[in-house]
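Structure first, commentary second.
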Amino acid sequence: MTWRYALIIDPVAAGVDAIDYASTFRAVDPSAPALSIGELSTQRGDGIFESIGVVDGHAQEVGPHLERLAHSAALCDLPAPELTQWRQAIDRVAVECPAGECVIKLILSRGVEHGPTPTAWVTAAVAPDNSAARTTGVRVVTLDRGFDSGAPARAPWLLLGAKTLSYAVNMAALREARRRGADDALFVTNDGVVLEGPTSSVILRFGDRFVTPEPGAGILHGTTQMSLFAHLRDLGHDTAYETVPVSMLADADAAWLVSSVRLAAPVSSLDATPLSIDEDFTAALNAYLLRPRE
């Protein structure tokens, strides 16, 4: 049986001053029932989450993930999480992880309808084997996200910059990509602006310059992308956040889909057009991403 671990959190309000939150954690059997049937995360996808990569027991980029959790909570009108409590929960779960790569998920839900709110839990599991995606790459197709580039500012209730549990569209996009003979997708607006993958950020290379779509366009600000940009700047490369038109994709020398668990997956083809893969450079990026990062 695949290893898993689960911890229920009794969430406290942000600003509650405590040194030790251990009494607010409860380990549970990950294969046993643990949530109420009235839980809004399962009924309506009304909640937020984060996925954190773990390498040999070290949870990666915890600070940026917690900052994004708080940002998503604010966008969704959820109670602000007490980040020290969540950090201690992550530490508690990370020490349980076996050697190698694992994934920790943080979930903050609206709670039970007409009942206790919010509810929260942390899970951990062994990560899938992503070695093939990191070396031979992924075939990608562009898919229309169904809105124009002005939608995030015009309709903030769409929650386009929040990492919510409502992932049915993202999973449907991955299935559509596979129906088209690809491995993954890249969302674009219906007025021709590049966004992100269903579960990843995109980084494009133009010579010695690396570009990713501007996060203000209603996409998630990727924690792995931010870490890689800092690393690339340390190496002397230029990095930029820009509005990326779809027409710009054809000019890229290389592209990667990056995420917390799969890490840097080079794009081997885009809409059936082959892209070159810099194997040595990609290997160096993933070697960096597998090192302990705070």
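Within each chain, counting starts at residue 1; across the structure tokens, chains are named A, B, ... in the order shown, with ligands numbered 1 upward in that order.
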Original post:
So which bits of segment 78-282 of chain A end up strand (DSSP E or B) when you DSSP the backbone, as JSON, numbers by chain?
Top reply: {"A": [81, 101, 102, 103, 104, 105, 106, 107, 108, 109, 112, 119, 120, 121, 122, 123, 124, 125, 126, 138, 139, 140, 141, 142, 143, 144, 164, 184, 185, 186, 187, 188, 193, 194, 197, 200, 201, 202, 203, 204, 205, 206, 209, 210, 211, 212, 213, 238, 239, 240, 241, 242, 245, 254, 255, 256, 257, 258, 259, 263, 264, 265, 266, 267, 268, 269, 270, 273, 274]}
**OP:** Select from segment 82-271 of chain A everything DSSP, run on the backbone, classes as helix (DSSP H, G or I), then give the selection as an MDAnalysis selection string.
**Re:** chainID A and resid 83:94 131:135 151:154 156:158 168:179 215:217 223:234 246:251
Original post:
What lies within 12 Å of segment 236-252 of chain A using only C-alpha atoms, ignoring chain neighbours under 3 positions off, as a PyMOL selection string?
Top reply: chain A and resi 140-144+149-150+186-196+201-219+221-222+225-233+255-256+267+269-277
Original post:
Got a sec: who's within 9 Å of segment 65-80 of chain A, counting only C-alpha atoms, leaving out chain neighbours fewer than 4 positions off, as a PyMOL selection string?
Top reply: chain A and resi 13-14+46-52+60-61+86-87+106+108-110+117-118+156-157+159+161-164+220-221+223
**OP:** Would you kindly return, as JSON, numbers by chain, each protein, DNA or RNA residue with an atom no farther than 12 Å from any atom of Lys105 of chain A, considering only C-alpha atoms and excluding same-chain residues fewer than 3 positions away?
**Re:** {"A": [4, 5, 6, 7, 8, 48, 49, 50, 51, 52, 53, 54, 59, 62, 65, 66, 69, 86, 89, 90, 93, 94, 102, 108, 120, 121, 122, 123, 124, 125, 126, 127, 165, 260, 261]}
Please, which residues in segment 90-144 of chain A fall within 10 Å of segment 285-290 of chain A when counting only C-alpha atoms, and what is the closest atom pair and distance in Å to one decimal for each, ordered by chain then residue number, as a tab-separated table?
```
residue	atom	partner	partner_atom	distance
A:Glu101	CA	A:Leu290	CA	8.9
A:Arg134	CA	A:Asn286	CA	7.6
A:Thr135	CA	A:Asn286	CA	9.6
```
Those residues with N, CA, C and O atoms, as a compact mmCIF listing (two decimals), in the first residue's frame please?
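Output below, filename result38.txt:
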```
# COMPACT_ATOMS: atom_id res chain seq x y z
N GLU A 101 11.18 11.66 -2.45
CA GLU A 101 10.28 12.78 -2.71
C GLU A 101 8.85 12.47 -2.28
O GLU A 101 8.32 11.40 -2.57
N ARG A 134 10.87 15.14 -16.35
CA ARG A 134 12.00 16.05 -16.14
C ARG A 134 13.10 15.86 -17.18
O ARG A 134 13.93 16.75 -17.35
N THR A 135 13.13 14.72 -17.83
CA THR A 135 14.22 14.45 -18.77
C THR A 135 13.74 14.48 -20.23
O THR A 135 14.26 15.27 -21.03
```
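One distance worth recording is that between atom CA of Glu279 of chain A and atom CA of Leu263 of chain A, which is 14.4 Å.
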**OP:** Considering only C-alpha atoms, return as a VMD selection string whatever protein or nucleic-acid residues lie within 6 Å of Leu40 of chain A, sequence-local ones (same chain, fewer than 4 positions apart) excluded.
**Re:** chain A and resid 44 46 111 to 112
Can I get the selection written as a compact mmCIF listing (two decimals), in the first residue's frame, with C-alpha atoms?
```
# COMPACT_ATOMS: atom_id res chain seq x y z
CA ARG A 44 -18.91 22.80 -3.36
CA ASP A 46 -15.37 25.84 -1.23
CA GLY A 111 -16.24 24.17 6.96
CA VAL A 112 -19.55 22.48 7.58
```
**OP:** Return the single residue from A:Asp20, A:Val258, A:Glu39, A:Thr224 that is closest to Glu294 of chain A, with distances computed using only C-alpha atoms.
**Re:** A:Thr224
Original post:
Could you state the separation of atom CA of Gly57 of chain A and atom CA of Ala27 of chain A in Å, given to one decimal place?
Top reply: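 Separation between atom CA of Gly57 of chain A and atom CA of Ala27 of chain A: 17.6 Å.
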